[in-house]
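Engineer: Below you'll find the structure I mean.
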2 protein chains.
Amino acid sequence: MPTREEAKAARREAIINAALRLMYARGDSGFSMRALAEAAGVSIATPYNLFGSKQAIMLAVLDTGMTLYEERLSRLEADELDIFFEAVSLAKDLYAEAPKFHQAVLFSAYGDGGRDYRAVFGDPRFLFWKMLVERAREAGFLDADIDPNAMALALSQQFFICILEWAYGEIELEELESRVHYTFALLLNGAATAAGSARLKPHLKVLQKHLTSLWPVSAPRTSAAASR
Amino acid sequence: MPTREEAKAARREAIINAALRLMYARGDSGFSMRALAEAAGVSIATPYNLFGSKQAIMLAVLDTGMTLYEERLSRLEADELDIFFEAVSLAKDLYAEAPKFHQAVLFSAYGDGGRDYRAVFGDPRFLFWKMLVERAREAGFLDADIDPNAMALALSQQFFICILEWAYGEIELEELESRVHYTFALLLNGAATAAGSARLKPHLKVLQKHLTSLWPVSAPRTSAAASR
DNA sequence: CAATAATTTATAACATGTTATAATCCAAAC
DNA sequence: GTTTGGATTATAACATGTTATAAATTATTG
């Protein structure tokens with residue numbers, strides 16, 4: 001005799017699990033709410049009662065993935081400068097474990113234009129970047145008068161757009177990592193002290209070389225260029 | 001007795017115009033294909049014959065706006081460094097003339113995730129930024145070994161994500177401009193020569209001050225932060 | 001144990017983008 | 001001028017996300 005709240009929680013879980021199962025199976029989020037309800041063993045009305053919309057369900061799925069990422073992130077140890085690049089690579093590694101699945105989650109969670117998306121994805125990450133910026137500044141790698149909010153915003157936005165490009169199938173995982181690394185190095189170097197620049201400048205060259213090596217004629221794949 | 005092609009072109013135009021009219025009137029793209037067909041005086045099947053999908057119609061509408069922007073852009077005259085910022089402000093000015101309309105166009109055109117979007121929006125702009133980067137490099141403001149493709153990619157992506165944020169109603173036009181200006185300065189300074197840096201560093205401080213002044217408690221509005 | 005009230009369920013319905021089909025129209029070809 | 005064929009039209013249909021409604025279920029309350 002489960003409590004009412006327990007039963008509700010169980011149904012919630014069943015729905016999320018069914019969504020996960022369907023997405024892993026098909027590799028995309030193209031399941032219908034009717035199919036989801038059937039897979040979860042509930043009525044079509046229940047997902048709406050418990051989550052409100054398909055969007056919200058996708059966000060709940062995304063949220064479970066974020067928890068995993070944040071946990072690994074907290075165990076990351078690196079230099080105040082290297083940590084920026086390590087955090088990016090960590091995300092890439094996580095995505096690489098189940099690329100199709102993550103693409104599907106990210107793609108569909110962003111769906112409506114990402115207003116709620118940000119609550120799960122953008123905002124917590126922004127705070128993380130801000131913390132890293134503050135540390136790098138204290139370590140003397142970044143200019144003292146740089147604003148951590150402004151800098152972190154630029155970083156998280158750049159990360160975000162590259163993830164979006166990958167989720168939309170425009171670029172490969174390797175290029176995702178490379179693009180973010182390169183742009184991070186550029187942004188950080190733009191606000192670096194002499195000490196920071198001394199480390200970032202050489203790094204930047206390596207990163208640029210790697211990034212451009214991914215492009216066929218040394219031009220990035222901005223896709224659909226021929227369709228006009 | 002109009003030619004068959006003429007009649008087709010006229011219908012095309014009628015549909016685009018109807019779409020424009022509906023979007024200007026309501027300020028969003030929430031019109032149905034049935035409403036569009038009626039407003040254009042054609043059958044519901046015709047827009048599908050001529051464009052293929054609602055997406056494609058939105059892209060055609062976006063395209064007309066892009067033409068205007070590119071025309072003004074080509075008349076822009078400024079220093080090899082200032083031009084970056086002028087081009088951003090020009091877009092802002094254009095959007096300011098009919099903000100609701102442009103938001104609606106951008107929002108809905110990006111709809112599916114922007115695969116085709118890029119053909120109209122991303123790619124032509126990328127080439128423009130690349131040209132500016134090459135000029136700035138030749139003028140001695142940017143490091144000689146910087147790759148114009150890599151740099152232009154970072155710039156256009158940053159511009160793009162900020163426009164998206166505005167289209168999604170996350171930020172105001174003024175913040176759109178300020179964010180892009182700031183990040184452009186950071187990115188450019190990250191690859192600047194001594195001469196370039198001499199001009200960008202002071203500019204960066206001003207831009208950072210302006211950007212942070214737009215935030216209430218000196219924290220950017222990443223929205224929905226309270227909804228978890 | 002009986003009454004209550006919260007949830008789920010089954011079901012229908014609606015709006016929407018999109019596709020299919022057959023009838024109709026009309027410029028183009030002869 | 002008649003025929004032909006490409007395009008549009010009217011219409012129905014489908015899948016989908018979502019909402020509404022009444023009936024059924026079941027933990028909770030007394």
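Ligands are numbered from 1 in the order shown, residues from 1 within each chain, and chains are lettered A, B, ... in the order they appear in the structure tokens.
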Residues of chain C that have any atom at most 9 Å from an atom of chain A: could you tabulate them with the shortest-distance atom pair and the distance in Å to one decimal, using only C-alpha atoms (C1' of nucleotides), ordered by chain and increasing number, as a tab-separated table?
Structural biologist:
residue	atom	partner	partner_atom	distance
C:DA6	C1'	A:Arg4	CA	8.7
C:DT7	C1'	A:Arg4	CA	8.7
C:DT8	C1'	A:Thr46	CA	6.9
C:DT9	C1'	A:Ser43	CA	6.2
C:DA10	C1'	A:Ser43	CA	8.1
Engineer: Write out chain B, as an mmCIF file with C-alpha atoms, in the first residue's frame, after superposing it onto chain A by least squares using every C-alpha atom paired in order.
Structural biologist:
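Once written, part_19.cif looks like this:
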data_model
loop_
_atom_site.group_PDB
_atom_site.id
_atom_site.type_symbol
_atom_site.label_atom_id
_atom_site.label_comp_id
_atom_site.auth_asym_id
_atom_site.auth_seq_id
_atom_site.Cartn_x
_atom_site.Cartn_y
_atom_site.Cartn_z
ATOM 1 C CA MET B 1 -0.247 -0.219 -0.138
ATOM 2 C CA PRO B 2 1.965 2.591 -1.295
ATOM 3 C CA THR B 3 1.298 6.054 -0.085
ATOM 4 C CA ARG B 4 -0.291 8.465 -2.524
ATOM 5 C CA GLU B 5 2.921 10.426 -2.829
ATOM 6 C CA GLU B 6 4.900 7.248 -3.309
ATOM 7 C CA ALA B 7 2.655 6.137 -6.096
ATOM 8 C CA LYS B 8 2.995 9.511 -7.728
ATOM 9 C CA ALA B 9 6.765 9.388 -7.471
ATOM 10 C CA ALA B 10 6.772 5.901 -8.916
ATOM 11 C CA ARG B 11 4.734 7.072 -11.889
ATOM 12 C CA ARG B 12 7.038 10.007 -12.376
ATOM 13 C CA GLU B 13 9.993 7.709 -12.433
ATOM 14 C CA ALA B 14 8.287 5.268 -14.754
ATOM 15 C CA ILE B 15 7.663 8.075 -17.225
ATOM 16 C CA ILE B 16 11.228 9.362 -17.113
ATOM 17 C CA ASN B 17 12.559 5.848 -17.471
ATOM 18 C CA ALA B 18 10.283 5.160 -20.386
ATOM 19 C CA ALA B 19 11.451 8.360 -22.027
ATOM 20 C CA LEU B 20 15.070 7.349 -21.483
ATOM 21 C CA ARG B 21 14.382 3.890 -22.874
ATOM 22 C CA LEU B 22 12.668 5.244 -25.957
ATOM 23 C CA MET B 23 15.444 7.735 -26.613
ATOM 24 C CA TYR B 24 18.224 5.229 -26.158
ATOM 25 C CA ALA B 25 16.415 2.806 -28.436
ATOM 26 C CA ARG B 26 15.670 5.171 -31.282
ATOM 27 C CA GLY B 27 18.476 7.633 -30.803
ATOM 28 C CA ASP B 28 16.178 10.578 -31.081
ATOM 29 C CA SER B 29 13.307 12.157 -29.230
ATOM 30 C CA GLY B 30 10.771 11.489 -31.920
ATOM 31 C CA PHE B 31 8.487 9.510 -29.717
ATOM 32 C CA SER B 32 4.922 10.601 -29.276
ATOM 33 C CA MET B 33 3.302 11.284 -25.961
ATOM 34 C CA ARG B 34 0.959 8.415 -26.687
ATOM 35 C CA ALA B 35 3.887 6.054 -27.195
ATOM 36 C CA LEU B 36 5.533 7.370 -24.055
ATOM 37 C CA ALA B 37 2.390 6.821 -22.010
ATOM 38 C CA GLU B 38 2.072 3.284 -23.273
ATOM 39 C CA ALA B 39 5.739 2.513 -22.610
ATOM 40 C CA ALA B 40 5.402 3.869 -19.101
ATOM 41 C CA GLY B 41 2.201 1.938 -18.522
ATOM 42 C CA VAL B 42 0.128 4.996 -17.759
ATOM 43 C CA SER B 43 -2.629 6.882 -19.461
ATOM 44 C CA ILE B 44 -1.881 9.660 -21.897
ATOM 45 C CA ALA B 45 -3.244 12.143 -19.405
ATOM 46 C CA THR B 46 -0.824 11.233 -16.638
ATOM 47 C CA PRO B 47 2.370 12.688 -18.118
ATOM 48 C CA TYR B 48 0.502 15.944 -18.469
ATOM 49 C CA ASN B 49 -0.676 15.784 -14.886
ATOM 50 C CA LEU B 50 2.775 15.079 -13.557
ATOM 51 C CA PHE B 51 4.972 17.153 -15.846
ATOM 52 C CA GLY B 52 2.784 19.507 -17.769
ATOM 53 C CA SER B 53 4.258 19.084 -21.223
ATOM 54 C CA LYS B 54 6.578 17.027 -23.350
ATOM 55 C CA GLN B 55 9.157 19.816 -23.021
ATOM 56 C CA ALA B 56 9.106 19.474 -19.266
ATOM 57 C CA ILE B 57 9.704 15.760 -19.548
ATOM 58 C CA MET B 58 12.692 16.334 -21.794
ATOM 59 C CA LEU B 59 14.042 18.820 -19.294
ATOM 60 C CA ALA B 60 13.637 16.293 -16.513
ATOM 61 C CA VAL B 61 15.619 13.818 -18.587
ATOM 62 C CA LEU B 62 18.266 16.444 -19.223
ATOM 63 C CA ASP B 63 18.402 17.149 -15.538
ATOM 64 C CA THR B 64 19.391 13.595 -14.713
ATOM 65 C CA GLY B 65 22.289 13.897 -17.136
ATOM 66 C CA MET B 66 23.381 17.201 -15.661
ATOM 67 C CA THR B 67 23.584 15.684 -12.223
ATOM 68 C CA LEU B 68 26.108 13.176 -13.456
ATOM 69 C CA TYR B 69 28.179 15.852 -15.148
ATOM 70 C CA GLU B 70 28.235 18.070 -12.117
ATOM 71 C CA GLU B 71 29.291 15.225 -9.932
ATOM 72 C CA ARG B 72 32.278 14.436 -12.132
ATOM 73 C CA LEU B 73 33.034 18.107 -12.464
ATOM 74 C CA SER B 74 33.361 18.480 -8.741
ATOM 75 C CA ARG B 75 36.055 15.805 -8.714
ATOM 76 C CA LEU B 76 38.113 17.566 -11.367
ATOM 77 C CA GLU B 77 41.504 18.771 -10.289
ATOM 78 C CA ALA B 78 43.684 21.023 -12.396
ATOM 79 C CA ASP B 79 45.577 24.253 -12.589
ATOM 80 C CA GLU B 80 43.558 27.491 -12.444
ATOM 81 C CA LEU B 81 43.980 27.842 -16.198
ATOM 82 C CA ASP B 82 43.903 24.231 -17.300
ATOM 83 C CA ILE B 83 40.675 23.652 -15.447
ATOM 84 C CA PHE B 84 38.729 25.606 -18.081
ATOM 85 C CA PHE B 85 39.816 23.239 -20.780
ATOM 86 C CA GLU B 86 39.486 20.158 -18.641
ATOM 87 C CA ALA B 87 35.894 20.973 -17.867
ATOM 88 C CA VAL B 88 35.123 21.190 -21.568
ATOM 89 C CA SER B 89 36.822 17.903 -22.286
ATOM 90 C CA LEU B 90 34.906 16.295 -19.472
ATOM 91 C CA ALA B 91 31.636 17.239 -21.094
ATOM 92 C CA LYS B 92 32.863 15.895 -24.388
ATOM 93 C CA ASP B 93 33.809 12.612 -22.750
ATOM 94 C CA LEU B 94 30.420 12.366 -21.170
ATOM 95 C CA TYR B 95 28.661 12.998 -24.448
ATOM 96 C CA ALA B 96 30.907 10.490 -26.175
ATOM 97 C CA GLU B 97 29.615 7.745 -23.919
ATOM 98 C CA ALA B 98 26.158 7.982 -25.481
ATOM 99 C CA PRO B 99 26.292 10.568 -28.243
ATOM 100 C CA LYS B 100 23.009 9.869 -29.982
ATOM 101 C CA PHE B 101 21.218 9.979 -26.716
ATOM 102 C CA HIS B 102 22.743 13.237 -25.562
ATOM 103 C CA GLN B 103 22.179 14.856 -28.908
ATOM 104 C CA ALA B 104 18.560 13.893 -28.753
ATOM 105 C CA VAL B 105 18.152 15.202 -25.242
ATOM 106 C CA LEU B 106 19.869 18.495 -25.922
ATOM 107 C CA PHE B 107 18.119 18.981 -29.215
ATOM 108 C CA SER B 108 14.643 18.436 -27.934
ATOM 109 C CA ALA B 109 15.149 20.072 -24.583
ATOM 110 C CA TYR B 110 16.102 23.261 -26.370
ATOM 111 C CA GLY B 111 12.982 22.886 -28.452
ATOM 112 C CA ASP B 112 10.808 25.844 -27.618
ATOM 113 C CA GLY B 113 13.734 28.204 -27.691
ATOM 114 C CA GLY B 114 15.214 27.340 -24.406
ATOM 115 C CA ARG B 115 13.510 29.549 -21.925
ATOM 116 C CA ASP B 116 13.215 26.762 -19.358
ATOM 117 C CA TYR B 117 16.231 25.053 -20.766
ATOM 118 C CA ARG B 118 18.348 27.680 -19.142
ATOM 119 C CA ALA B 119 17.089 26.800 -15.708
ATOM 120 C CA VAL B 120 18.571 23.336 -16.060
ATOM 121 C CA PHE B 121 21.471 23.988 -18.328
ATOM 122 C CA GLY B 122 22.573 27.578 -18.568
ATOM 123 C CA ASP B 123 22.365 28.943 -15.119
ATOM 124 C CA PRO B 124 24.147 26.331 -13.039
ATOM 125 C CA ARG B 125 26.960 26.241 -15.548
ATOM 126 C CA PHE B 126 27.277 29.979 -15.570
ATOM 127 C CA LEU B 127 27.947 29.976 -11.866
ATOM 128 C CA PHE B 128 30.573 27.316 -12.331
ATOM 129 C CA TRP B 129 32.417 29.360 -14.939
ATOM 130 C CA LYS B 130 32.184 32.420 -12.781
ATOM 131 C CA MET B 131 33.880 30.574 -9.968
ATOM 132 C CA LEU B 132 36.678 29.465 -12.274
ATOM 133 C CA VAL B 133 37.155 33.002 -13.532
ATOM 134 C CA GLU B 134 37.447 34.299 -9.999
ATOM 135 C CA ARG B 135 40.038 31.694 -9.157
ATOM 136 C CA ALA B 136 42.063 32.390 -12.270
ATOM 137 C CA ARG B 137 41.971 36.062 -11.457
ATOM 138 C CA GLU B 138 43.136 35.474 -7.912
ATOM 139 C CA ALA B 139 45.910 33.267 -9.237
ATOM 140 C CA GLY B 140 47.151 36.218 -11.240
ATOM 141 C CA PHE B 141 46.323 34.881 -14.681
ATOM 142 C CA LEU B 142 43.556 37.340 -15.452
ATOM 143 C CA ASP B 143 43.479 41.110 -15.182
ATOM 144 C CA ALA B 144 42.415 42.296 -11.758
ATOM 145 C CA ASP B 145 39.753 44.582 -13.148
ATOM 146 C CA ILE B 146 38.023 41.971 -15.228
ATOM 147 C CA ASP B 147 34.409 41.339 -14.194
ATOM 148 C CA PRO B 148 33.826 37.653 -13.463
ATOM 149 C CA ASN B 149 30.183 37.906 -14.470
ATOM 150 C CA ALA B 150 30.955 39.391 -17.853
ATOM 151 C CA MET B 151 33.754 36.955 -18.530
ATOM 152 C CA ALA B 152 31.799 33.925 -17.349
ATOM 153 C CA LEU B 153 28.878 34.964 -19.503
ATOM 154 C CA ALA B 154 31.033 35.038 -22.605
ATOM 155 C CA LEU B 155 32.505 31.650 -21.795
ATOM 156 C CA SER B 156 29.237 29.930 -21.027
ATOM 157 C CA GLN B 157 27.558 31.356 -24.093
ATOM 158 C CA GLN B 158 30.341 30.173 -26.310
ATOM 159 C CA PHE B 159 30.219 26.734 -24.762
ATOM 160 C CA PHE B 160 26.496 26.673 -25.140
ATOM 161 C CA ILE B 161 26.361 27.571 -28.807
ATOM 162 C CA CYS B 162 28.954 24.955 -29.662
ATOM 163 C CA ILE B 163 27.012 22.304 -27.813
ATOM 164 C CA LEU B 164 23.957 23.392 -29.721
ATOM 165 C CA GLU B 165 25.802 23.041 -33.003
ATOM 166 C CA TRP B 166 26.793 19.547 -32.069
ATOM 167 C CA ALA B 167 23.320 18.620 -30.905
ATOM 168 C CA TYR B 168 21.967 19.850 -34.213
ATOM 169 C CA GLY B 169 24.390 17.635 -36.058
ATOM 170 C CA GLU B 170 26.423 20.450 -37.555
ATOM 171 C CA ILE B 171 29.746 19.395 -36.117
ATOM 172 C CA GLU B 172 31.385 16.316 -34.614
ATOM 173 C CA LEU B 173 32.275 15.902 -30.967
ATOM 174 C CA GLU B 174 35.931 16.461 -31.698
ATOM 175 C CA GLU B 175 35.198 19.784 -33.324
ATOM 176 C CA LEU B 176 32.919 20.749 -30.477
ATOM 177 C CA GLU B 177 35.805 20.312 -28.085
ATOM 178 C CA SER B 178 38.263 22.023 -30.357
ATOM 179 C CA ARG B 179 36.051 25.026 -31.042
ATOM 180 C CA VAL B 180 35.331 25.620 -27.390
ATOM 181 C CA HIS B 181 38.951 25.195 -26.415
ATOM 182 C CA TYR B 182 40.061 27.661 -29.035
ATOM 183 C CA THR B 183 37.473 30.270 -28.177
ATOM 184 C CA PHE B 184 38.085 29.872 -24.487
ATOM 185 C CA ALA B 185 41.764 30.488 -25.065
ATOM 186 C CA LEU B 186 40.959 33.574 -27.117
ATOM 187 C CA LEU B 187 38.548 34.962 -24.554
ATOM 188 C CA LEU B 188 40.837 34.252 -21.621
ATOM 189 C CA ASN B 189 43.841 35.680 -23.409
ATOM 190 C CA GLY B 190 41.803 38.772 -24.146
ATOM 191 C CA ALA B 191 41.681 39.439 -20.438
ATOM 192 C CA ALA B 192 44.941 37.872 -19.395
ATOM 193 C CA THR B 193 47.796 39.329 -17.398
ATOM 194 C CA ALA B 194 51.329 38.952 -18.697
ATOM 195 C CA ALA B 195 51.625 35.740 -16.719
ATOM 196 C CA GLY B 196 48.380 34.403 -18.108
ATOM 197 C CA SER B 197 49.225 35.412 -21.626
ATOM 198 C CA ALA B 198 52.582 33.721 -21.398
ATOM 199 C CA ARG B 199 50.781 30.450 -20.998
ATOM 200 C CA LEU B 200 47.760 31.089 -23.175
ATOM 201 C CA LYS B 201 49.487 32.409 -26.286
ATOM 202 C CA PRO B 202 51.440 29.223 -27.033
ATOM 203 C CA HIS B 203 48.400 27.168 -26.160
ATOM 204 C CA LEU B 204 46.333 29.243 -28.536
ATOM 205 C CA LYS B 205 48.600 28.420 -31.436
ATOM 206 C CA VAL B 206 48.319 24.723 -30.793
ATOM 207 C CA LEU B 207 44.583 24.935 -30.468
ATOM 208 C CA GLN B 208 44.218 26.926 -33.662
ATOM 209 C CA LYS B 209 46.299 24.399 -35.524
ATOM 210 C CA HIS B 210 44.163 21.571 -34.245
ATOM 211 C CA LEU B 211 40.929 23.349 -35.034
ATOM 212 C CA THR B 212 41.856 24.288 -38.577
ATOM 213 C CA SER B 213 43.124 20.784 -39.183
ATOM 214 C CA LEU B 214 39.548 19.607 -38.794
ATOM 215 C CA TRP B 215 38.384 21.682 -41.741
ATOM 216 C CA PRO B 216 38.686 20.373 -45.279
ATOM 217 C CA VAL B 217 39.894 23.462 -47.191
ATOM 218 C CA SER B 218 40.681 25.307 -43.999
ATOM 219 C CA ALA B 219 37.126 26.639 -43.913
ATOM 220 C CA PRO B 220 34.734 25.714 -41.127
ATOM 221 C CA ARG B 221 31.682 23.689 -41.901
ATOM 222 C CA THR B 222 28.963 26.275 -41.519
ATOM 223 C CA SER B 223 26.679 23.926 -43.429
ATOM 224 C CA ALA B 224 24.109 24.438 -46.104
ATOM 225 C CA ALA B 225 26.367 26.953 -47.779
ATOM 226 C CA ALA B 226 25.422 25.582 -51.156
ATOM 227 C CA SER B 227 21.673 25.627 -50.646
ATOM 228 C CA ARG B 228 21.077 29.192 -51.730
#
Engineer: If you count only C-alpha atoms (C1' of nucleotides), which residues fall within 12 Å of DT21 (chain C), apart from same-chain ones fewer than 3 positions away, as a list in words?
Structural biologist: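 Surrounding residues, per the criterion: DT9, DA10, DT11, DA12 and DA13 of chain D.
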Engineer: Taking the DSSP secondary structure from the backbone, can you list the residues of chain A that are alpha helix (DSSP H), as a ChimeraX atom specification?
Structural biologist: /A:4-26,33-40,45-50,54-74,82-97,99-110,117-120,122-138,148-167,173-190,194-213
Engineer: Just give me the gap between C1' of DA12 (chain C) and C1' of DA15 (chain D) in Å, one decimal is fine.
Structural biologist: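 These atoms are spaced 16.2 Å apart.
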Engineer: Quick one: pull the distance between C1' of DG1 (chain D) and C1' of DA23 (chain C), Å, one decimal.
Structural biologist: 23.8 Å
Engineer: Give me the residues near DA29 (chain C) as a CSV table (one decimal) with all heavy atoms, in the first residue's frame, where near means some atom within 10 Å (using only C-alpha atoms (C1' of nucleotides)) and where sequence neighbours in that chain fewer than 3 positions away do not count.
Structural biologist:
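out-v2.csv, freshly written:
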chain,number,residue,atom,x,y,z
D,3,DT,P,-11.0,19.0,-78.8
D,3,DT,OP1,-11.5,17.8,-79.3
D,3,DT,OP2,-11.7,19.7,-77.7
D,3,DT,O5',-9.5,18.7,-78.3
D,3,DT,C5',-8.5,18.4,-79.2
D,3,DT,C4',-7.1,18.4,-78.6
D,3,DT,O4',-6.8,19.7,-78.2
D,3,DT,C3',-7.0,17.6,-77.3
D,3,DT,O3',-5.9,16.7,-77.4
D,3,DT,C2',-6.9,18.6,-76.2
D,3,DT,C1',-6.2,19.8,-76.9
D,3,DT,N1,-6.5,21.1,-76.3
D,3,DT,C2,-5.4,21.9,-76.1
D,3,DT,O2,-4.3,21.6,-76.2
D,3,DT,N3,-5.8,23.2,-75.6
D,3,DT,C4,-7.0,23.6,-75.3
D,3,DT,O4,-7.2,24.8,-74.9
D,3,DT,C5,-8.1,22.7,-75.6
D,3,DT,C7,-9.5,23.1,-75.4
D,3,DT,C6,-7.8,21.5,-76.1
D,4,DT,P,-5.6,15.6,-76.3
D,4,DT,OP1,-5.0,14.5,-77.0
D,4,DT,OP2,-6.8,15.5,-75.4
D,4,DT,O5',-4.4,16.3,-75.5
D,4,DT,C5',-3.4,17.0,-76.2
D,4,DT,C4',-2.4,17.6,-75.2
D,4,DT,O4',-2.9,18.9,-74.8
D,4,DT,C3',-2.2,16.8,-73.9
D,4,DT,O3',-0.9,16.7,-73.6
D,4,DT,C2',-3.0,17.6,-72.9
D,4,DT,C1',-2.9,19.0,-73.4
D,4,DT,N1,-3.9,20.0,-73.0
D,4,DT,C2,-3.6,21.3,-72.7
D,4,DT,O2,-2.5,21.7,-72.7
D,4,DT,N3,-4.7,22.1,-72.4
D,4,DT,C4,-6.0,21.7,-72.4
D,4,DT,O4,-6.9,22.5,-72.1
D,4,DT,C5,-6.3,20.4,-72.7
D,4,DT,C7,-7.7,19.9,-72.8
D,4,DT,C6,-5.3,19.6,-73.0
D,5,DG,P,-0.3,15.7,-72.6
D,5,DG,OP1,0.8,15.0,-73.2
D,5,DG,OP2,-1.4,14.9,-72.1
D,5,DG,O5',0.3,16.6,-71.4
D,5,DG,C5',1.0,17.8,-71.8
D,5,DG,C4',1.1,18.7,-70.6
D,5,DG,O4',-0.2,19.4,-70.4
D,5,DG,C3',1.3,18.0,-69.2
D,5,DG,O3',2.1,18.8,-68.4
D,5,DG,C2',-0.1,17.9,-68.7
D,5,DG,C1',-0.7,19.2,-69.1
D,5,DG,N9,-2.1,19.2,-69.2
D,5,DG,C8,-3.0,18.2,-69.4
D,5,DG,N7,-4.2,18.5,-69.4
D,5,DG,C5,-4.2,19.9,-69.2
D,5,DG,C6,-5.3,20.8,-69.1
D,5,DG,O6,-6.5,20.7,-69.2
D,5,DG,N1,-4.8,22.1,-68.9
D,5,DG,C2,-3.4,22.5,-68.8
D,5,DG,N2,-3.2,23.7,-68.5
D,5,DG,N3,-2.5,21.6,-68.8
D,5,DG,C4,-2.9,20.3,-69.1
Engineer: Give me the residues near DT4 (chain C) as a PyMOL selection string, where near means some atom within 12 Å (using only C-alpha atoms (C1' of nucleotides)) and where sequence neighbours in that chain fewer than 3 positions away do not count.
Structural biologist: chain D and resi 26-30
Engineer: Hey, can you check how far C1' of DA20 (chain C) sits from C1' of DT19 (chain D)?
Structural biologist: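 Distance between the two atoms: 28.7 Å.
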